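First up is the structure itself, then whatever we jot down about it.
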Amino acid sequence: MPAILKEKNFRLFLVGDLLANFADFALWLAMAVWVKTLTGSTAAAGLVMFSFALGGLFLPLFGVLADRFPRKRMLITAHLLIALLLLTLVMVDSKDDVWMIYGVIFVYGLYGAFTAPAQAALLPSLVPREELSIVNGIRQSLHGALRLFTPAIGVGAFALIGGPGVSAAVSCVFVISALVLLPVKTEETVAERPTGESWWAEVSGGVRLLARTAALRQIVTALGIAMLALGFFEVIGIEVVTKGLGQEASHLGFIGATQGVGTIAGGITVGVLLRRLGEGLIVSAGLLAGGLATLLLLIPSYPAVLFAVFVLGVAFPALATSATTALQRQVPNSHLGRAFAAFEFIATVPQTVSMAMGALLISLVDYRVLVVVVSVVLCGAALYLASHSGQWALVGRERDEDAVVEEGAREPGSDSSPALPEGR
């Protein structure tokens with residue numbers, strides 16, 4: 001990492017990225033608390049999260065934009081626009097104005113879906129390809145560290161200066177993030193829209209890219225299966241604490257901090273491992289570790305639960321970091337925005353569905369049944385991925401030069417889609 005930090009462009013990108021994430025983590029919980037304070041309704045506060053999640057539905061569209069326009073310019077523009085929009089919340093002063101919070105948070109969800117593909121696609125133009133795994137792992141660790149304390153800072157700031165004050169402060173942070181990114185020098189590859197290609201063909205192009213490459217298709221399939229169960233954790237956690245351990249729900253904070261520590265350790269570790277092992281193998285190992293650790297939540301023991309959530313904290317960065325690195329290494333940079341957006345969309349939809357299913361099932365079945373379901377699904381996804389020999393073939397090989405699809409390659413009979421290899 002010290003060698004990478006000598007690169008000024010990357011240092012600026014990292015600082016801008018951390019500032020934006022700091023603002024992000026500080027904002028969303030404070031907004032939910034603000035709505036709860038204004039309305040007295042927990043359900044109304046929950047709609048804040050729902051409003052934010054709706055933005056993910058537009059990921060495929062924004063992935064195309066990330067390939068059509070300079071990504072640095074997209075990030076700076078998005079930071080400045082969301083900063084300006086957040087300032088409108090200074091006018092909220094009663095429950096009659098809650099609709100403004102919902103509207104802003106919905107647009108804020110769009111902002112997140114807009115910037116995510118641009119960030120993922122911009123990074124390979126700033127960092128040597130052989131360092132991508134380390135950089136992605138470090139970013140996961142730093143984001144995990146921010147998640148430990150930033151939401152509490154946001155809620156604390158809300159208690160001191162109120163919702164309008166938090167909105168104005170977060171707006172300033174986004175402006176600073178945009179200014180930090182301004183000096184970053186990039187050599188970006190912007191794809192031109194092929195003549196005669198329909199808009200739908202462009203929007204769905206990311207899914208086709210993932211489907212046509214065996215290694216990526218298998219990783220995305222495994223993660224999609226896992227996400228069908230991972231949403232259950234949203235309701236399992238409080239049941240484990242209150243019923244399994246017999247503790248107050250407030251203990252979730254301490255347990256969440258333990259998972260955050262695991263996330264920091266996991267991000268650093270997976271970045272190093274990806275230099276020697278294939279991305280698919282790391283994803284498989286992370287899913288298996290997560291599945292086995294989930295079973296420990298059945299034990300009514302505080303140490304067992306803490307160990308389980310620490311392992312989960314270590315395992316989950318392996319999934320995100322490995323998948324992101326695999327995309328950055330195996331997809332042409334000119335098409336990386338839509339490929340990353342497709343991956344995020346495929347992962348987000350099953351997770352959202354499982355969150356809704358978990359909220360319904362928790363009142364019908366014992367939480368321990370859901371724990372077992374999560375474990376079985378994660379282990380099954382791990383075995384599915386490990387059963388493909390192509391994922392093992394990547395172990396110990398130099399992949400940086402030959403894993404990336406040659407720019408300009410075309411599928412036979414097509415003028416628009418790059419022809420990706422069927423597997424390695």
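Identifiers in the structure tokens: chain A, B, ... in order shown; residue index from 1 per chain; ligand index from 1 in order shown.
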
### Test item: residues at most 12 Å from A:Arg147, only C-alpha atoms, excluding those fewer than 6 positions along its chain, as number ranges by chain
A: 18, 21-29, 140-141, 153-154, 253, 256-264, 313

### Task
Kindly indicate which residue among A:Leu295, A:Val90, A:Val374, A:Leu65 lies nearest to A:Phe232, using only C-alpha atoms for the distances.
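Counting only C-alpha atoms, the residue closest to A:Phe232 is A:Val374.
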
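In terms of minimum interatomic distance to A:Phe13, A:Leu179 ranks closest within A:Val377, A:Leu179, A:Ala356, A:Val166, counting only C-alpha atoms.
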
### Shell around stretch 281-287 of chain A at 10 Å using only C-alpha atoms, local window under 5 positions removed, as a PyMOL selection string
chain A and resi 219-220+222-223+226+266+270+273-274+292-293+311-312+314-323+375+377-388+390-395

### Task
Please measure the separation of atom CA of A:Phe149 and atom CA of A:Leu89, giving the value in Å to one decimal.
23.8 Å

Proximity check stretch 225-340 of chain A to stretch 111-127 of chain A, 6 Å, nearest pairs one decimal Å, only C-alpha atoms, as a tab-separated table:
```
residue	atom	partner	partner_atom	distance
A:Leu336	CA	A:Ala121	CA	5.4
A:Gly337	CA	A:Pro117	CA	4.8
A:Phe340	CA	A:Pro117	CA	5.7
```

### Query
Counting only C-alpha atoms, which of A:Ala78, A:Val235, A:Met100, A:Ala30 gets nearest to A:Ala66?
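Of A:Ala78, A:Val235, A:Met100, A:Ala30, the one nearest A:Ala66, counting only C-alpha atoms, is A:Ala78.
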
### Task
Using only C-alpha atoms, determine which residues lie at most 10 Å from A:Glu234, disregarding the query and same-chain residues fewer than 5 positions distant; provide the list as a PyMOL selection string.
chain A and resi 239+354-356+358-359

#### Entry: Length of the atom CA of A:Ser167 to atom CA of A:Leu86 vector [Å]
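Straight-line distance from atom CA of A:Ser167 to atom CA of A:Leu86 works out to 5.6 Å.
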